[in-house]
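Visitor: There's a structure below that I have some questions on.
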Amino acid sequence: MSDEQTELKSINTTCPYCGVGCGITASIDQAKHQIVIQGDESHPSNFGRLCSKGSTLADTIELKSRLLEPSVYGHDCSWSEALDMVADSFMSIIKKHGPDAVAIYGSGQLLTEDYYVANKLMKGFIGSGNMDTNSRLCMSSAVAGHKRAFGSDTVPGCYEDFEQAEMIVLVGSNAAWCHPVSFQRIRAAKESNPDLKIVVIDPRLTSSCDIADLHLPIAIGNDTILFNGLLNYLNQHNALDQNYIQQHTEGWSDALKSAQDSSSSTERLAEQCKLDKQDVELFFKWFAGHKKVMTLFSQGVNQSSSGTDKVNSIINCHLAMGSIGKPGMGPFSLTGQPNAMGGREVGGLAHQLAAHMDFSNPDDIDRVARFWNTDHIAQKPGYFAVDLFDAIYDGKVKAVWIMGTNPVVSMPNADKVKQALQRCDFVVVSDCIAATDTTALAHVKLPAVGWSEKDGTVTNSERRISRQRALFKPAGSAKPDWWIVTQVARRMGYEEAFHYSSNVEIFREHAALSGFENNPQQHSRDFDISGFAELNQDEYDQLQPTQWPVNKAHPQGLQRIFADYKFSSPSGKAQFISIKPRSAGNLPNKDYPLILNTGRLRDQWHTMTRTALAAKLNQHKPEPFVEIHPVDASHYKMVKDTLAVIESPWGKMIARVQITDTQQQGTLFVPMHWTAQYSSLGRMGALVNPVVDPISSQPESKHTPVRIKAYQPAWNGFILSRHPLEFSHPDYLVKVKGNQFYRYELAGETMPVSWRAWTKNILCSASNETPQWQEYTDPAVNKYRAARILDNQLQSVIFVAPDINLPERSWLTSLFEKPEFEKEDRLAVLTGKPPLGTPDVGTIVCACFNVGEKTIQSAIKEKSLKTHQDVGQCLKAGTNCGSCIPEIKALL
Ligand SMILES: Nc1nc2c(c(=O)[nH]1)N[C@H]1C(S)=C(S)[C@@H](COP(=O)(O)OP(=O)(O)OC[C@H]3O[C@@H](n4cnc5c(=O)[nH]c(N)nc54)[C@H](O)[C@@H]3O)O[C@H]1N2
Ligand SMILES: Nc1nc2c(c(=O)[nH]1)N[C@H]1C(S)=C(S)[C@@H](COP(=O)(O)OP(=O)(O)OC[C@H]3O[C@@H](n4cnc5c(=O)[nH]c(N)nc54)[C@H](O)[C@@H]3O)O[C@H]1N2
Ligand code: SF4
Ligand SMILES: [Mo]
């Protein structure tokens with residue numbers, strides 16, 4: 001180590017993004033406030049691997065974008081002012097209108113400790129069930145399905161099952177992009193065991209199909225028909241485990257009858273699901289022919305008005321084959337958020353109470369009330385997310401506290417949600433980021449510590465509790481969410497119940513509640529971590545990743561639940577559920593003939609508040625887009641790379657057209673990520689219908705009737721600038737942070753009178769310097785280009801044209817990384833074409849190593865590369881997280 005190098009401190013923590021729950025080893029340079037991120041090789045959920053998002057976490061740690069000070073009605077203030085304001089306003093509304101006039105809307109991105117106290121405050125002490133969470137939009141169908149089948153919300157299996165399985169079915173999951181480290185684990189399992197069968201059931205041909213032996217592009221919403229058909233097939237082909245069915249389950253004959261009623265023949269089924277009959281038969285044959293089958297499911301299942309039924313139709317098939325509770329098999333719900341599971345444990349959903357107890361059981365209410373020592377406990381469920389925002393809109397709920405979620409973007413019918421908050425008497429938002437679509441509507445903003453400062457626990461998809469540890473001191477005046485909640489609770493008069501001085505005290509209490517009057521012999525509540533109830537600070541700090549339950553019977557935790565085939569239902573048996581398939585809530589019609597599907601991209605996290613800060617993550621898909629099948633594209637006169645307006649009865653958005661046969665005819669796909677912070681019209685939540693599942697109340701985010709038409713602006717253009725720019729929106733604007741530049745994609749309905757004046761106003765207004773100015777105008781064809789150079793460095797370029805005939809951005813953006821602006825660049829910049837011999841990398845494919853499409857293409861050609869491994873060896877592309885491998889393969 002050289003003299004300048006300071007000693008690095010190494011801390012193990014957990015990734016704050018998806019439910020895979022990867023362990024991270026962070027090497028910290030406290031003095032420079034810098035970290036180096038690596039996968040934690042000892043963490044059993046990832047063994048050292050990270051995906052593009054986890055690997056770039058260091059790039060998201062910046063002060064500029066952070067919410068640093070509390071504020072009340074737009075004015076920064078002290079913590080005590082802000083906390084008093086929240087407590088007083090809540091109390092006065094409760095006094096006037098009762099406890100149900102206030103609500104908390106939380107998130108699977110809160111730590112368990114944060115979540116626990118928020119839930120305890122609302123349900124235990126304010127005395128209302130009005131604490132719901134964004135998990136209502138994410139996991140609630142899985143929760144309801146588990147509860148119906150097992151009597152408890154329990155994920156039976158674990159990641160180790162991937163290696164033991166003979167067949168893995170991915171239903172409504174694009175794990176390649178959304179659970180990349182688990183996906184790579186499955187890929188590796190397949191590589192070492194080519195007999196492992198992989199089936200992907202998804203209306204789109206996604207990157208996850210890269211390792212699939214069979215892809216079933218099911219028509220959106222029809223999974224219950226398919227799995228009912230499978231149940232029927234298993235029965236007809238003697239693939240049942242009669243013994244298991246008889247001894248450990250109930251409801252078989254009714255479930256079978258429903259399945260028989262709904263799937264008269266494979267032809268009919270294939271027709272309904274718009275699948276190939278042979279493909280369906282092959283899937284059924286494989287499922288019936290393998291003992292160790294795992295079915296991994298995610299939002300294509302949960303986010304549906306039949307979401308809960310979809311879950312149970314899957315579980316039914318596993319129960320019929322006796323494949324639950326044994327290694328290498330079973331239904332497996334992939335959780336979305338880092339602490340989606342922890343939120344379910346504390347009871348964060350409005351129908352839940354705490355620690356896997358809920359309002360449906362009066363004994364639970366009594367038990368929790370005694371444990372919390374309160375006589376104020378809520379007696380009934382509160383509003384579920386969609387109803388909650390309707391109740392706010394209608395003035396029934398007059399104060400809401402939103403923590404760790406961005407509902408103005410992520411809720412269905414999001415324009416109404418925005419109006420609801422605009423009409424609400426009192427809106428409090430706790431966030432770590434200053435400018436979000438939701439903080440924009442807050443009366444009180446409370447700065448929460450973000451990842452790298454937060455400290456506590458999260459639980460991943462396989463029930464594994466891991467520690468997130470603080471790497472740095474809080475930024476500005478930011479405070480932990482648990483601290484903020486307890487301070488408000490104390491001000492509301494609940495000093496004693498919220499007298500915590502550290503997070504470990506909260507964790508201990510949560511652990512104790514999970515074991516309170518919980519008899520493991522009777523399987524009364526699977527969620528039992530009473531083994532942690534006595535943890536001291538040091539043990540908490542050293543806590544190793546552990547799968548619950550953790551109790552006397554399983555002091556080290558437990559990999560698989562239900563191995564004894566004892567379930568948590570009153571009879572101790574698992575329940576078959578009779579499934580009668582239903583169609584989606586709103587079907588396409590004459591005015592809205594297409595179906596809109598929504599979902600995720602590889603490199604962005606939800607509403608982009610953090611991932612958009614990492615330049616590397618913005619290169620793969622820089623702009624909101626809509627995917628459309630070639631036949632629909634020609635029918636609706638869509639041209640590649642132009643803009644389109646998509647409208648539903650609820651709202652509209654504008655997105656860039658991508659024509660692809662990975663999309664089914666009659667359907668469109670848009671990513672869920674863009675917000676008003678990064679795009680003027682890319683907030684897709686505005687379109688999404690507020691239909692919910694009748695059992696889980698989870699919104700149907702994957703199926704909204706829409707129409708599409710070309711957006712025909714008078715001009716198109718883009719600006720690249722070394723510094724962020726402020727300008728009043730043209731009609732279409734998308735902002736992208738790059739490495740040492742900002743990119744603005746633009747379009748407008750009217751031409752400015754003078755392009756020169758318009759441009760100078762935007763690019764030069766903030767500075768009084770006299771830059772060198774290069775420009776080129778062709779008024780005859782309405783083209784304009786200009787470059788602004790200062791101290792021999794490119795400051796900004798603008799290109800405008802009446803059509804989309806504009807230069808590629810990749811070479812131009814590389815000029816911002818150059819220390820000196822060279823002579824040939826100077827000449828080339830206005831043509832937008834690199835000087836001869838300059839490499840142009842093209843669109844970034846590998847975000848981890850920043851390798852572009854054109855670089856890969858030319859290496860393939862020049863070096864005759866044959867496989868993705870060859871490309872990896874030559875360029876490193878695809879060798880870290882592996883999520884770009886499908887794209888590399890496509891280039892090959
Ligand atoms: N990169 C990235 N990763 C993430 C996230 C992120 O924002 N970015 N978010 C995390 C969170 S919170 C979640 S919940 C998970 C979500 O993870 P996933 O559920 O895998 O992600 P989605 O893209 O929402 O949807 C998955 C697929 O469902 C398909 N689908 C739509 N309708 C149907 C249907 O009716 N049937 C079937 N079988 N499939 C259908 C869609 O075409 C889509 O490809 O991802 C987590 N991981
Ligand atoms: N159409 C459509 N809509 C969807 C989906 C879909 O597939 N399609 N998916 C749904 C699903 S599964 C989900 S999970 C939701 C996600 O939707 P959201 O929860 O709205 O999305 P995020 O961007 O994750 O919002 C998290 C917010 O919390 C902040 N934050 C991060 N860490 C902390 C913290 O520690 N404390 C506090 N106080 N704040 C923090 C972030 O800056 C951000 O503003 O979207 C849902 N909406
Ligand atoms: S797969 Fe990626 S996003 Fe998910 S936990 Fe691991 S590193 Fe984080
Ligand atoms: Mo989610």
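Simple scheme: letters A, B, ... for chains in structure tokens order, numbers from 1 for residues in each chain, numbers from 1 for ligands in the order shown.
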Might you pull out every residue within 12 Å of Glu81 in chain A, with only C-alpha atoms counted and same-chain residues fewer than 2 positions away left off, and present them as a PyMOL selection string?

Guide: chain A and resi 69-73+75-79+83-89+444-446+487-488+491

Visitor: Could you report the residues within 6 Å of ligand 1, using only C-alpha atoms and all ligand atoms, as a PyMOL selection string?

Guide: chain A and resi 18+138+171-175+177-179+201-204+220-223+298-301+336-337+597+599-606+702

Visitor: At a cut-off of 12 Å around ligand 4, and using only C-alpha atoms and all ligand atoms, what residues come up? Please write them as an NGL selection string.

Guide: :A and (17-19 or 107-109 or 133-142 or 173 or 178-179 or 298-300 or 302-303 or 333-341 or 343 or 405 or 410-411 or 461 or 599-600 or 605-607 or 672 or 698-699 or 701)

Visitor: Please provide the set of residues having any atom within 9 Å of range 743-755 of chain A, restricted to only C-alpha atoms, with same-chain residues fewer than 3 positions apart removed, written as a ChimeraX atom specification.

Guide: /A:623,712-722,724-725,729-738,758-760,777,784,800,809,813

Visitor: Can you pull out the residues contacting Glu647 in chain A? Cut-off 6 Å, using only C-alpha atoms, and skip same-chain residues under 4 positions away; I want them as number ranges by chain.

Guide: A: 651-652, 706-707

Visitor: Next, the residues of the selection above should be written as a compact mmCIF listing (two decimals), in the first residue's frame with all heavy atoms.

Guide:
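That gives us out.txt:
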# COMPACT_ATOMS: atom_id res chain seq x y z
N GLY A 651 -55.46 7.83 -18.74
CA GLY A 651 -54.38 8.80 -18.92
C GLY A 651 -53.60 8.53 -20.19
O GLY A 651 -53.99 7.69 -21.01
N LYS A 652 -52.49 9.27 -20.34
CA LYS A 652 -51.70 9.05 -21.55
C LYS A 652 -50.21 9.22 -21.30
O LYS A 652 -49.80 9.78 -20.28
CB LYS A 652 -52.16 9.99 -22.67
CG LYS A 652 -51.76 11.43 -22.48
CD LYS A 652 -52.02 12.18 -23.80
CE LYS A 652 -51.42 13.57 -23.76
NZ LYS A 652 -51.56 14.29 -25.02
N VAL A 706 -55.70 -0.01 -24.23
CA VAL A 706 -55.14 1.27 -24.68
C VAL A 706 -55.25 1.40 -26.20
O VAL A 706 -55.57 0.44 -26.90
CB VAL A 706 -53.65 1.42 -24.31
CG1 VAL A 706 -53.45 1.47 -22.81
CG2 VAL A 706 -52.80 0.30 -24.93
N ARG A 707 -54.94 2.59 -26.67
CA ARG A 707 -54.77 2.78 -28.12
C ARG A 707 -53.46 3.51 -28.34
O ARG A 707 -52.90 4.12 -27.42
CB ARG A 707 -55.94 3.55 -28.71
CG ARG A 707 -56.10 4.94 -28.13
CD ARG A 707 -57.32 5.62 -28.77
NE ARG A 707 -57.61 6.87 -28.09
CZ ARG A 707 -58.83 7.25 -27.74
NH1 ARG A 707 -59.88 6.47 -27.96
NH2 ARG A 707 -59.02 8.41 -27.16

Visitor: Would you mind telling me which residue in A:Gln619, A:Gln665, A:Thr879, A:Ser452 lies nearest to Phe741 in chain A when using only C-alpha atoms?

Guide: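 When distances to Phe741 in chain A are compared using only C-alpha atoms, the smallest one comes from A:Gln619.
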
Visitor: Choose the residue, out of A:Pro156, A:Gly832, A:Pro690, A:Gly476, that has the smallest atom-to-atom separation from Ser323 in chain A; count only C-alpha atoms.

Guide: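 Comparing A:Pro156, A:Gly832, A:Pro690, A:Gly476 against Ser323 in chain A, the winner is A:Pro156.
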
Visitor: Kindly provide, as a list in words, all nucleotide and amino acid residues lying within 6 Å of ligand 3, counting only C-alpha atoms and all ligand atoms.

Guide: Cys15, Tyr17, Cys18, Gly19, Val20, Gly21, Cys22, Leu50, Cys51, Lys53, Gly54, His179, Pro180 and Val181 of chain A

Visitor: How would the residues just picked look written out with C-alpha atoms as an mmCIF file, in the first residue's frame?

Guide:
data_model
loop_
_atom_site.group_PDB
_atom_site.id
_atom_site.type_symbol
_atom_site.label_atom_id
_atom_site.label_comp_id
_atom_site.auth_asym_id
_atom_site.auth_seq_id
_atom_site.Cartn_x
_atom_site.Cartn_y
_atom_site.Cartn_z
ATOM 1 C CA CYS A 15 -28.007 -4.810 -1.616
ATOM 2 C CA TYR A 17 -32.616 -3.456 -4.587
ATOM 3 C CA CYS A 18 -34.254 -6.732 -5.416
ATOM 4 C CA GLY A 19 -35.524 -9.624 -3.326
ATOM 5 C CA VAL A 20 -32.613 -11.884 -4.237
ATOM 6 C CA GLY A 21 -31.009 -10.188 -1.245
ATOM 7 C CA CYS A 22 -27.366 -10.286 -2.293
ATOM 8 C CA LEU A 50 -23.814 -9.015 -8.103
ATOM 9 C CA CYS A 51 -25.841 -7.681 -11.015
ATOM 10 C CA LYS A 53 -27.483 -2.499 -10.260
ATOM 11 C CA GLY A 54 -25.721 -3.885 -7.210
ATOM 12 C CA HIS A 179 -33.618 -11.371 -10.204
ATOM 13 C CA PRO A 180 -30.361 -11.542 -12.168
ATOM 14 C CA VAL A 181 -28.205 -13.290 -9.593
#

Visitor: Of the residues A:Gln419, A:Ser502, A:Thr867, A:Ser65, which is the one nearest to ligand 2, using only C-alpha atoms and all ligand atoms?

Guide: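 Nearest candidate to ligand 2 out of A:Gln419, A:Ser502, A:Thr867, A:Ser65: A:Ser65.
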
Visitor: With distances taken over only C-alpha atoms and all ligand atoms, which residue among A:Thr457, A:Ser810, A:Ser679, A:Gln664 lies nearest ligand 2?

Guide: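 Smallest separation from ligand 2 among the options: A:Thr457.
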
Visitor: Which of range 597-763 of chain A end up as helix (DSSP H, G or I) when DSSP is run on this backbone - answer as a ChimeraX atom specification?

Guide: /A:611-613,615-618,630-635,684-686,755-763

Visitor: Go ahead and compute the interatomic distance for atom 43 (C, counted along the ligand's line) of ligand 2 and CA of Tyr393 in chain A, in Å to one decimal.

Guide: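 The value is 21.9 Å.
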
Visitor: Env of Arg423 in chain A: 12 Å cut, atoms = only C-alpha atoms, seq-sep filter 2 positions within chain, self excluded. Answer as a ChimeraX atom specification.

Guide: /A:389-400,416-421,425-427,441-443

Visitor: Since we have the selection now, will you write its residues out, keeping N, CA and C atoms, as a compact mmCIF listing (two decimals), in the first residue's frame?

Guide:
# COMPACT_ATOMS: atom_id res chain seq x y z
N PHE A 389 -56.00 5.58 -1.76
CA PHE A 389 -55.85 6.84 -2.50
C PHE A 389 -57.20 7.36 -2.98
N ASP A 390 -58.16 6.46 -3.22
CA ASP A 390 -59.52 6.92 -3.51
C ASP A 390 -60.11 7.63 -2.29
N ALA A 391 -59.86 7.05 -1.12
CA ALA A 391 -60.39 7.65 0.12
C ALA A 391 -59.74 9.01 0.38
N ILE A 392 -58.49 9.13 0.00
CA ILE A 392 -57.83 10.44 0.13
C ILE A 392 -58.47 11.42 -0.85
N TYR A 393 -58.68 10.94 -2.07
CA TYR A 393 -59.30 11.77 -3.10
C TYR A 393 -60.68 12.26 -2.64
N ASP A 394 -61.42 11.33 -2.00
CA ASP A 394 -62.79 11.66 -1.56
C ASP A 394 -62.82 12.44 -0.25
N GLY A 395 -61.65 12.68 0.33
CA GLY A 395 -61.61 13.45 1.57
C GLY A 395 -61.92 12.63 2.82
N LYS A 396 -62.02 11.30 2.67
CA LYS A 396 -62.30 10.48 3.86
C LYS A 396 -61.02 10.32 4.68
N VAL A 397 -59.91 10.18 4.00
CA VAL A 397 -58.63 10.18 4.70
C VAL A 397 -58.01 11.55 4.48
N LYS A 398 -57.72 12.24 5.57
CA LYS A 398 -57.32 13.65 5.46
C LYS A 398 -55.83 13.90 5.68
N ALA A 399 -55.15 12.88 6.19
CA ALA A 399 -53.70 13.02 6.36
C ALA A 399 -53.05 11.70 6.01
N VAL A 400 -51.98 11.77 5.23
CA VAL A 400 -51.27 10.53 4.87
C VAL A 400 -49.77 10.75 5.01
N LYS A 416 -54.90 10.28 -10.93
CA LYS A 416 -55.87 10.46 -9.85
C LYS A 416 -55.16 10.44 -8.49
N VAL A 417 -54.14 9.63 -8.39
CA VAL A 417 -53.37 9.59 -7.14
C VAL A 417 -52.71 10.95 -6.90
N LYS A 418 -52.21 11.52 -7.99
CA LYS A 418 -51.60 12.85 -7.89
C LYS A 418 -52.65 13.87 -7.43
N GLN A 419 -53.82 13.81 -8.05
CA GLN A 419 -54.89 14.74 -7.63
C GLN A 419 -55.29 14.50 -6.18
N ALA A 420 -55.32 13.22 -5.79
CA ALA A 420 -55.70 12.90 -4.41
C ALA A 420 -54.75 13.61 -3.44
N LEU A 421 -53.46 13.54 -3.74
CA LEU A 421 -52.48 14.17 -2.84
C LEU A 421 -52.60 15.70 -2.91
N ASP A 425 -55.49 17.23 2.85
CA ASP A 425 -55.18 18.30 3.81
C ASP A 425 -53.72 18.27 4.25
N PHE A 426 -53.19 17.06 4.44
CA PHE A 426 -51.87 17.00 5.05
C PHE A 426 -51.10 15.78 4.53
N VAL A 427 -50.03 16.06 3.78
CA VAL A 427 -49.23 15.00 3.17
C VAL A 427 -47.80 15.06 3.71
N LEU A 441 -45.40 16.86 -3.86
CA LEU A 441 -46.73 17.18 -3.35
C LEU A 441 -46.80 17.15 -1.81
N ALA A 442 -45.63 17.06 -1.17
CA ALA A 442 -45.63 16.92 0.28
C ALA A 442 -45.73 18.27 0.99
N HIS A 443 -46.51 18.31 2.06
CA HIS A 443 -46.50 19.49 2.93
C HIS A 443 -45.31 19.44 3.88

Visitor: Please run DSSP on the backbone and report, as number ranges by chain, all residues within range 658-755 of chain A that come out as strand (DSSP E or B).

Guide: A: 658-659, 667-671, 679, 692, 699, 704-710, 715-721, 732-737, 742-748

Visitor: Report, in Å to a single decimal, how far apart CA of Tyr244 in chain A and CA of Gln575 in chain A are.

Guide: 12.0 Å

Visitor: If we count only C-alpha atoms, what is near Val155 in chain A at a cut-off of 8 Å, once residues fewer than 3 positions away on the same chain are taken out, given as a ChimeraX atom specification?

Guide: /A:146,331-333,461-463,561

Visitor: What does the structure give for the distance between CA of Asn312 in chain A and CA of Val143 in chain A, in Å to one decimal?

Guide: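 Computed distance, CA of Asn312 in chain A to CA of Val143 in chain A, equals 10.7 Å.
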
Visitor: Range 268-273 of chain A: which residues within 10 Å, counting only C-alpha atoms, same-chain residues fewer than 5 positions away excluded, as a ChimeraX atom specification?

Guide: /A:203,216-226,228-229,262-263,278-281

Visitor: Here is a test: counting only C-alpha atoms, which residue of A:Trp483, A:Asn243, A:Phe183, A:Ala847 is nearest to Ile506 in chain A?

Guide: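 When distances to Ile506 in chain A are compared using only C-alpha atoms, the smallest one comes from A:Trp483.
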
Visitor: Find, counting only C-alpha atoms and all ligand atoms, the residue in A:Ile37, A:Ala188, A:Ala497, A:Leu613 that gets nearest to ligand 2.

Guide: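 Using only C-alpha atoms and all ligand atoms, the shortest distance to ligand 2 belongs to A:Leu613.
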